[in-house]
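Read through the structure below, which is laid out as structure tokens, and then see the notes.
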Amino acid sequence: MIETVKEAAKRLAGPMLNKGFKAAALHTYTDAGGTPVYWRIRCKHPDTKEKWIRPFHQNDNGFEFGEPKFTGGKPLYALHQVVSNLDTIIYIVEGEQKADALNKLGLVATTSGGATSADTTAWEPLRGRSVRIFPDNDDAGKVYAETVASILLGMGCTVSYIDVDKLGLDTGDDVMEWLAVHPKASAADIEALSILAKVNAAKDYSESWSSPQPLTVKIKPEPYPVDALPNTIREAVAEVATFVQAPLPLVASSALTAISIASQALVDVQRDEILFGPTSLFLLGIADSGERKTQADKMFAKAIQDYQDEQTEAGKILWATYKANLEAWEAKCGGIKDAIRQFTKRNKSTADLEERFRELEKERPEPPRIPKLIREDATPEGLAKKLQKDWPSAGVVSNEAGIVFGAHGMSKESVMRNLALLNKLWDGGRYQSDRGDEERSLDVRGARLTMGLMIQEVTLRTFFDQSKGLARGSGFLARFIISWPDSTMGSRFYTPPIEGSPALSKFNQRITELLNQPVPINENGILTPPILVLTTEAKSAWVTFHDAIEAQLCDGGELHDIRDVASKTADNAVRLAALFQLFEGASSAIGINAFDSASRVAAWHLNEARRFFGELALPVELADAARLDSWLIKYCKRKQTCFVGKNHTRQHGPLRSGAALDNALRELSDLDRIQLVKDQKCMTIKVNPALLCNGGVA
């Protein structure tokens, strides 16, 4: 038996009806053609006047609570009437019951639902039209009216609202109470209230503000220079970004991480006669978890993972042979030891046996070196041991870089030692550490390391605090190519992958070709990559790039506050250029095109470092306020509103701690950047409209 809508409503409301609530209404939301898409049950208790309102919808399994998933917001109530009356003033109220009452009079009325529903609704059908808002006579009603007005004004609507203060309504009353007092009211009577309407009253709202005071000097983010990437890389990044919908800089960093891991053992790069070093990159994305970097990493690292799995499988035979040889060797050692013991008991000379034992020690089998290129959870010292004993080239790829920055190896007792170790690995130099025994001592030479990390800002701040300045003072963070992108969360609606992923397939094919090239390792397990040099033209461009940065490192220079990072930028630019040259299949000298592309990417990351470290230097309270300010402005522009619920801000904004959010809100309020409106149920943040008109840079 198929359940009807009314039967479903009665079933779903059953628990409340059993508690004495009475069914008051069943409201139907439709699409533009009038087809129902979901319903809202409205019940009311006759004694307590308490309301119970819930949405429900139909799916393949029947009816269930909740709204369907909508792309771009849920539909307006009575949408089919709105779109079929194009020359009519549209009345907007708070709640379906009030819209029904006005529609029965012959007007065209709609609503987004309750007082906090404005920013979840698709208002596009009202673009450019005349609307009149009839607000409830309470704080929540006024906030709702102002929110809707700000959205619709941004869509070119002519907006007015009824001045309920002049209708003699009590606090909390609404259009239903007005109609109860005027039982014979008609559409003409409602329209007569236009003499009490304020046209474009959002202007009054704007004029009630003081000018926003500056929060801090902000550095404007620049668009990621995706066009600077070589063709194969650019096309793969664009293809993956379209599907994954992660921030573009994080997607590009995932691609560069894979290229660095696959290439770093094959070539070094020379800047001039005495300046040369690895092509390895350290990349750091600063973003919250959930930005889908892991998915991007997996897609770009697939060829590396496949290669690694193949090597592990092939290595099983080598390991079996090694174990057999080791057991045979140990048996020989055991035999000589037994003979030495027997000779000693008989007072016979053991000199020949000892010499044989010493010779045998030189024949100890060495374990096979099986490439394992991707490592996710290694401490710095553990990683160094793997590079020393297993394979001299690796990449640390992690979406939770707290594993690296927050690990035991980064405790204050050992932070200096481990930062020095990681610095040496970036430099490609030798790192020695005598820990008292052979097993714990390190002697890492000729190893290559890539790092492709993402870290939450709060974790990075904690690391800065715990390292007590060593992270910057030691030059550790200066070696990273940093990105601090805006989140894409909330706009990542499903997009199917491109059939066959041709650009990504081409990218991974090239990675496979690089991985299958012979790795230059000497008899001591040390990498000896050939040197890639710059052409005369590229060398001249590198010198110009280097000197332009150097000129800004002095006191008062634009880059003085991040001179540690800036001083490594030219080095990172030439590393990128070498990787671009090699990836595109040219093993000859680095040309001007490769360097120009690399220098644009490196310059973009330098600007990101300026942005991040500029705010990092602020006191925590101001830094939190700056992050919240930026998020509120972006949210309001995206939603075409001046209002954001405090609860929504805490759930989706950058500050999840209640205390931190309250402190930041007070800071912004003191600077006339926001106002806080509180009613009985919720707190609403009102953003100064001047911040939305001039780009939000005040």
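Letters for chains follow the order of the structure tokens (A, B, ...), residue numbers begin at 1 for each chain, and ligand numbers begin at 1 in the order shown.
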
- Query: What are the DSSP helix (DSSP H, G or I) residues of region 395-620 of chain A, as a PyMOL selection string?
  - Reply: chain A and resi 402-405+408-410+415-427+457-467+470-473+477-479+502-515+536-550+560-583+592-616+620

- Using only C-alpha atoms, the shortest atom-to-atom distance to Leu425 (chain A) among A:Ser441, A:Thr232, A:Ser289, A:Gln264 belongs to A:Gln264

- Item | Residue neighbourhood Ala541 (chain A), 12 Å, only C-alpha atoms, exclusion window fewer than 3 positions, as a PyMOL selection string | chain A and resi 271+534-538+544-548+570+573-574+577+590-600

Atoms to include: N, CA and C atoms. Write the selected residues as a short mmCIF file (atom, residue, chain, number, x, y, z; two decimals), in the first residue's frame.
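Full text of result.cif as output:
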data_model
loop_
_atom_site.label_atom_id
_atom_site.label_comp_id
_atom_site.auth_asym_id
_atom_site.auth_seq_id
_atom_site.Cartn_x
_atom_site.Cartn_y
_atom_site.Cartn_z
N ARG A 271 73.61 26.67 -10.08
CA ARG A 271 73.26 28.07 -10.33
C ARG A 271 74.46 28.85 -10.87
N LEU A 534 72.12 26.04 -16.07
CA LEU A 534 71.28 27.05 -16.71
C LEU A 534 71.92 27.52 -18.01
N THR A 535 71.09 27.76 -19.01
CA THR A 535 71.61 28.41 -20.21
C THR A 535 72.02 29.84 -19.85
N THR A 536 72.75 30.47 -20.72
CA THR A 536 73.20 31.84 -20.47
C THR A 536 72.00 32.77 -20.24
N GLU A 537 70.96 32.61 -21.06
CA GLU A 537 69.77 33.46 -20.94
C GLU A 537 69.04 33.19 -19.63
N ALA A 538 68.90 31.91 -19.26
CA ALA A 538 68.22 31.56 -18.01
C ALA A 538 69.04 32.01 -16.81
N THR A 544 68.80 38.27 -12.22
CA THR A 544 67.87 39.40 -12.08
C THR A 544 66.83 39.11 -11.01
N PHE A 545 66.28 37.91 -11.02
CA PHE A 545 65.29 37.50 -10.02
C PHE A 545 65.89 37.52 -8.62
N HIS A 546 67.09 36.94 -8.48
CA HIS A 546 67.78 36.90 -7.19
C HIS A 546 68.03 38.31 -6.65
N ASP A 547 68.54 39.19 -7.50
CA ASP A 547 68.91 40.54 -7.05
C ASP A 547 67.69 41.39 -6.72
N ALA A 548 66.58 41.18 -7.45
CA ALA A 548 65.37 41.94 -7.16
C ALA A 548 64.84 41.59 -5.77
N ALA A 570 65.00 32.35 -4.53
CA ALA A 570 65.72 32.16 -5.79
C ALA A 570 66.22 30.73 -5.92
N ALA A 573 63.25 28.71 -6.85
CA ALA A 573 62.89 28.98 -8.24
C ALA A 573 63.72 28.14 -9.20
N VAL A 574 65.02 28.02 -8.95
CA VAL A 574 65.87 27.25 -9.86
C VAL A 574 65.62 25.76 -9.70
N ALA A 577 62.62 25.19 -11.77
CA ALA A 577 62.98 25.26 -13.18
C ALA A 577 63.60 23.95 -13.65
N ILE A 590 68.91 24.13 -18.56
CA ILE A 590 67.60 24.74 -18.25
C ILE A 590 67.43 26.01 -19.08
N GLY A 591 66.34 26.05 -19.85
CA GLY A 591 66.11 27.18 -20.73
C GLY A 591 65.36 28.31 -20.07
N ILE A 592 65.24 29.41 -20.78
CA ILE A 592 64.60 30.61 -20.24
C ILE A 592 63.12 30.37 -19.98
N ASN A 593 62.45 29.58 -20.81
CA ASN A 593 61.02 29.34 -20.61
C ASN A 593 60.77 28.60 -19.30
N ALA A 594 61.59 27.60 -19.03
CA ALA A 594 61.44 26.85 -17.78
C ALA A 594 61.68 27.75 -16.58
N PHE A 595 62.71 28.61 -16.67
CA PHE A 595 62.98 29.47 -15.52
C PHE A 595 61.91 30.54 -15.34
N ASP A 596 61.44 31.14 -16.44
CA ASP A 596 60.39 32.15 -16.31
C ASP A 596 59.15 31.55 -15.65
N SER A 597 58.77 30.35 -16.06
CA SER A 597 57.62 29.68 -15.44
C SER A 597 57.86 29.45 -13.96
N ALA A 598 59.04 28.93 -13.65
CA ALA A 598 59.37 28.62 -12.26
C ALA A 598 59.42 29.87 -11.39
N SER A 599 59.97 30.96 -11.93
CA SER A 599 60.10 32.18 -11.13
C SER A 599 58.72 32.77 -10.81
N ARG A 600 57.76 32.65 -11.73
CA ARG A 600 56.40 33.13 -11.46
C ARG A 600 55.76 32.34 -10.34
#

- Message: At a cut-off of 8 Å, using only C-alpha atoms, what residues contact region 181-189 of chain A? Leave out same-chain residues fewer than 6 positions from it and give the result as number ranges by chain.
- Response: A: 102, 105-107

- Task: Determine the nearest neighbour of Asp119 (chain A) from the options A:Gly141, A:Gly525, A:Pro365, A:Gly72, counting only C-alpha atoms.
- Result: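 Closest residue, counting only C-alpha atoms: A:Gly72.
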
- Contacts of His45 (chain A) at 9 Å (only C-alpha atoms; same-chain gap of 6+ positions) as a PyMOL selection string: chain A and resi 17+19-23+51-52

Any chance you can output those residues with all heavy atoms as a PDB file, in the first residue's frame?
ATOM      1  N   LEU A  17       1.861  14.441  18.384  1.00  0.00           N
ATOM      2  CA  LEU A  17       0.405  14.399  18.572  1.00  0.00           C
ATOM      3  C   LEU A  17       0.061  13.652  19.852  1.00  0.00           C
ATOM      4  O   LEU A  17      -0.894  14.011  20.563  1.00  0.00           O
ATOM      5  CB  LEU A  17      -0.262  13.730  17.362  1.00  0.00           C
ATOM      6  CG  LEU A  17      -0.081  14.451  16.013  1.00  0.00           C
ATOM      7  CD1 LEU A  17      -0.718  13.639  14.895  1.00  0.00           C
ATOM      8  CD2 LEU A  17      -0.681  15.860  16.056  1.00  0.00           C
ATOM      9  N   LYS A  19       1.703  13.788  22.464  1.00  0.00           N
ATOM     10  CA  LYS A  19       2.034  14.670  23.582  1.00  0.00           C
ATOM     11  C   LYS A  19       1.049  15.833  23.709  1.00  0.00           C
ATOM     12  O   LYS A  19       1.268  16.746  24.498  1.00  0.00           O
ATOM     13  CB  LYS A  19       3.449  15.230  23.398  1.00  0.00           C
ATOM     14  CG  LYS A  19       4.540  14.179  23.507  1.00  0.00           C
ATOM     15  CD  LYS A  19       5.920  14.819  23.316  1.00  0.00           C
ATOM     16  CE  LYS A  19       7.028  13.786  23.415  1.00  0.00           C
ATOM     17  NZ  LYS A  19       8.362  14.399  23.232  1.00  0.00           N
ATOM     18  N   GLY A  20      -0.006  15.805  22.921  1.00  0.00           N
ATOM     19  CA  GLY A  20      -1.025  16.841  23.040  1.00  0.00           C
ATOM     20  C   GLY A  20      -0.942  17.928  22.000  1.00  0.00           C
ATOM     21  O   GLY A  20      -1.769  18.845  21.993  1.00  0.00           O
ATOM     22  N   PHE A  21       0.056  17.876  21.113  1.00  0.00           N
ATOM     23  CA  PHE A  21       0.141  18.862  20.035  1.00  0.00           C
ATOM     24  C   PHE A  21      -0.988  18.617  19.038  1.00  0.00           C
ATOM     25  O   PHE A  21      -1.469  17.490  18.874  1.00  0.00           O
ATOM     26  CB  PHE A  21       1.485  18.758  19.319  1.00  0.00           C
ATOM     27  CG  PHE A  21       2.624  19.425  20.048  1.00  0.00           C
ATOM     28  CD1 PHE A  21       3.198  18.843  21.175  1.00  0.00           C
ATOM     29  CD2 PHE A  21       3.117  20.653  19.622  1.00  0.00           C
ATOM     30  CE1 PHE A  21       4.233  19.453  21.840  1.00  0.00           C
ATOM     31  CE2 PHE A  21       4.164  21.272  20.283  1.00  0.00           C
ATOM     32  CZ  PHE A  21       4.721  20.672  21.399  1.00  0.00           C
ATOM     33  N   LYS A  22      -1.404  19.665  18.366  1.00  0.00           N
ATOM     34  CA  LYS A  22      -2.442  19.566  17.357  1.00  0.00           C
ATOM     35  C   LYS A  22      -1.865  19.946  15.990  1.00  0.00           C
ATOM     36  O   LYS A  22      -1.064  20.877  15.875  1.00  0.00           O
ATOM     37  CB  LYS A  22      -3.616  20.510  17.679  1.00  0.00           C
ATOM     38  CG  LYS A  22      -4.286  20.234  19.028  1.00  0.00           C
ATOM     39  CD  LYS A  22      -4.935  18.858  19.050  1.00  0.00           C
ATOM     40  CE  LYS A  22      -5.634  18.617  20.400  1.00  0.00           C
ATOM     41  NZ  LYS A  22      -6.225  17.251  20.457  1.00  0.00           N
ATOM     42  N   ALA A  23      -2.255  19.207  14.967  1.00  0.00           N
ATOM     43  CA  ALA A  23      -1.810  19.534  13.618  1.00  0.00           C
ATOM     44  C   ALA A  23      -2.389  20.878  13.205  1.00  0.00           C
ATOM     45  O   ALA A  23      -3.603  21.090  13.283  1.00  0.00           O
ATOM     46  CB  ALA A  23      -2.237  18.442  12.654  1.00  0.00           C
ATOM     47  N   LYS A  51       5.450  25.585  19.410  1.00  0.00           N
ATOM     48  CA  LYS A  51       5.352  25.156  18.020  1.00  0.00           C
ATOM     49  C   LYS A  51       6.313  23.995  17.739  1.00  0.00           C
ATOM     50  O   LYS A  51       7.378  23.890  18.352  1.00  0.00           O
ATOM     51  CB  LYS A  51       5.685  26.321  17.078  1.00  0.00           C
ATOM     52  CG  LYS A  51       4.771  27.523  17.210  1.00  0.00           C
ATOM     53  CD  LYS A  51       5.252  28.667  16.335  1.00  0.00           C
ATOM     54  CE  LYS A  51       4.422  29.923  16.539  1.00  0.00           C
ATOM     55  NZ  LYS A  51       4.947  31.068  15.740  1.00  0.00           N
ATOM     56  N   TRP A  52       5.905  23.159  16.814  1.00  0.00           N
ATOM     57  CA  TRP A  52       6.764  22.058  16.352  1.00  0.00           C
ATOM     58  C   TRP A  52       6.656  22.021  14.831  1.00  0.00           C
ATOM     59  O   TRP A  52       5.592  21.738  14.275  1.00  0.00           O
ATOM     60  CB  TRP A  52       6.317  20.736  16.959  1.00  0.00           C
ATOM     61  CG  TRP A  52       7.176  19.554  16.589  1.00  0.00           C
ATOM     62  CD1 TRP A  52       8.326  19.165  17.178  1.00  0.00           C
ATOM     63  CD2 TRP A  52       6.908  18.599  15.537  1.00  0.00           C
ATOM     64  NE1 TRP A  52       8.819  18.028  16.575  1.00  0.00           N
ATOM     65  CE2 TRP A  52       7.958  17.660  15.558  1.00  0.00           C
ATOM     66  CE3 TRP A  52       5.901  18.455  14.587  1.00  0.00           C
ATOM     67  CZ2 TRP A  52       8.032  16.585  14.677  1.00  0.00           C
ATOM     68  CZ3 TRP A  52       5.961  17.389  13.700  1.00  0.00           C
ATOM     69  CH2 TRP A  52       7.017  16.465  13.745  1.00  0.00           C
TER      70      TRP A  52
END

- Which polymer residues have any atom within 8 Å of an atom of Arg40 (chain A), counting only C-alpha atoms, with same-chain residues fewer than 5 positions away left out, as a ChimeraX atom specification? /A:26-29,53-56

- Length of the CA of Val83 (chain A) to CA of Lys639 (chain A) vector [Å]: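 Between CA of Val83 (chain A) and CA of Lys639 (chain A) the gap works out to 21.6 Å.
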
- Message: Applying 12 Å and only C-alpha atoms, which residues near region 632-636 of chain A remain after dropping the ones on its own chain fewer than 2 positions away? List them as a PyMOL selection string.
- Response: chain A and resi 119+147+150-151+154+486-491+625-630+638-646+648-650+652-655+664-665+668+673-674+684-698

Store the residues of this selection in a file with C-alpha atoms, as a PDB file, in the first residue's frame.
ATOM      1  CA  ASP A 119      21.063  32.335   3.587  1.00  0.00           C
ATOM      2  CA  THR A 147      19.096  39.946   5.746  1.00  0.00           C
ATOM      3  CA  SER A 150      20.580  42.964   1.648  1.00  0.00           C
ATOM      4  CA  ILE A 151      20.427  39.803  -0.481  1.00  0.00           C
ATOM      5  CA  GLY A 154      22.444  42.772  -4.381  1.00  0.00           C
ATOM      6  CA  ASP A 486      40.937  30.137   0.709  1.00  0.00           C
ATOM      7  CA  SER A 487      38.733  27.160   1.458  1.00  0.00           C
ATOM      8  CA  THR A 488      36.472  25.753  -1.248  1.00  0.00           C
ATOM      9  CA  MET A 489      34.156  24.096   1.298  1.00  0.00           C
ATOM     10  CA  GLY A 490      30.525  24.943   0.716  1.00  0.00           C
ATOM     11  CA  SER A 491      30.939  25.320  -3.044  1.00  0.00           C
ATOM     12  CA  ALA A 625      40.079  38.675  14.543  1.00  0.00           C
ATOM     13  CA  ALA A 626      41.816  39.053  11.167  1.00  0.00           C
ATOM     14  CA  ARG A 627      40.973  35.488  10.167  1.00  0.00           C
ATOM     15  CA  LEU A 628      37.355  35.884  11.277  1.00  0.00           C
ATOM     16  CA  ASP A 629      37.059  39.262   9.547  1.00  0.00           C
ATOM     17  CA  SER A 630      38.287  37.788   6.274  1.00  0.00           C
ATOM     18  CA  ARG A 638      29.243  34.957  -1.620  1.00  0.00           C
ATOM     19  CA  LYS A 639      25.785  34.888  -0.045  1.00  0.00           C
ATOM     20  CA  GLN A 640      24.978  38.521  -0.961  1.00  0.00           C
ATOM     21  CA  THR A 641      24.084  39.399   2.605  1.00  0.00           C
ATOM     22  CA  CYS A 642      25.324  41.472   5.533  1.00  0.00           C
ATOM     23  CA  PHE A 643      24.244  38.961   8.192  1.00  0.00           C
ATOM     24  CA  VAL A 644      25.689  35.741   9.544  1.00  0.00           C
ATOM     25  CA  GLY A 645      24.414  33.677  12.460  1.00  0.00           C
ATOM     26  CA  LYS A 646      26.910  33.277  15.275  1.00  0.00           C
ATOM     27  CA  HIS A 648      26.761  29.166  11.791  1.00  0.00           C
ATOM     28  CA  THR A 649      30.013  31.109  12.112  1.00  0.00           C
ATOM     29  CA  ARG A 650      31.259  28.850  14.888  1.00  0.00           C
ATOM     30  CA  HIS A 652      31.766  26.775   9.585  1.00  0.00           C
ATOM     31  CA  GLY A 653      34.149  29.663  10.263  1.00  0.00           C
ATOM     32  CA  PRO A 654      37.845  29.628  11.198  1.00  0.00           C
ATOM     33  CA  LEU A 655      37.365  29.787  14.993  1.00  0.00           C
ATOM     34  CA  ALA A 664      37.482  38.055  18.027  1.00  0.00           C
ATOM     35  CA  LEU A 665      33.891  39.321  17.789  1.00  0.00           C
ATOM     36  CA  LEU A 668      35.769  43.474  15.412  1.00  0.00           C
ATOM     37  CA  ARG A 673      33.541  46.225  11.519  1.00  0.00           C
ATOM     38  CA  ILE A 674      30.564  44.265  12.857  1.00  0.00           C
ATOM     39  CA  THR A 684      23.413  37.403  14.636  1.00  0.00           C
ATOM     40  CA  ILE A 685      26.562  39.083  13.307  1.00  0.00           C
ATOM     41  CA  LYS A 686      25.909  42.154  11.131  1.00  0.00           C
ATOM     42  CA  VAL A 687      28.843  43.085   8.900  1.00  0.00           C
ATOM     43  CA  ASN A 688      29.538  46.739   8.142  1.00  0.00           C
ATOM     44  CA  PRO A 689      28.340  47.175   4.531  1.00  0.00           C
ATOM     45  CA  ALA A 690      31.308  49.442   3.762  1.00  0.00           C
ATOM     46  CA  LEU A 691      33.518  46.337   3.966  1.00  0.00           C
ATOM     47  CA  LEU A 692      31.453  44.678   1.258  1.00  0.00           C
ATOM     48  CA  CYS A 693      31.395  47.646  -1.084  1.00  0.00           C
ATOM     49  CA  ASN A 694      35.099  48.454  -1.219  1.00  0.00           C
ATOM     50  CA  GLY A 695      36.528  44.963  -1.258  1.00  0.00           C
ATOM     51  CA  GLY A 696      36.735  44.553   2.477  1.00  0.00           C
ATOM     52  CA  VAL A 697      40.226  45.998   2.806  1.00  0.00           C
ATOM     53  CA  ALA A 698      39.443  48.774   5.281  1.00  0.00           C
TER      54      ALA A 698
END

- Query: From the list A:Gly475, A:Phe463, A:Tyr161, A:Val397, which residue is nearest Asn423 (chain A) when using only C-alpha atoms?
  - Reply: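 For Asn423 (chain A), the nearest of the given residues is A:Gly475.
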
- Task: May I have all residues of region 105-311 of chain A that DSSP, computed from the backbone, assigns to strand (DSSP E or B), given as a list in words?
- Result: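 Taking region 105-311 of chain A and keeping strand (DSSP E or B) only, one gets Val108, Ala109, Thr110, Thr121, Ser130, Val131, Arg132, Ile133, Thr158, Val159, Ser160, Tyr161, Ile162, Ala197, Lys198, Val199, Asp268, Val269, Gln270, Phe276, Gly277, Phe282, Leu283, Leu284, Gly285 and Ile286 of chain A.
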
- Query: Given the choices A:Val601, A:Leu579, A:Ala197, A:Ala140, which gets closest to Asp163 (chain A) if the distance is worked out from only C-alpha atoms?
  - Reply: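 Of A:Val601, A:Leu579, A:Ala197, A:Ala140, the one nearest Asp163 (chain A), counting only C-alpha atoms, is A:Ala197.
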
- Item | Coordinates-based distance that separates CA of Ala246 (chain A) from CA of Pro496 (chain A) (Å, one decimal) |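 Computing the Euclidean distance for CA of Pro496 (chain A) and CA of Ala246 (chain A) yields 14.3 Å.
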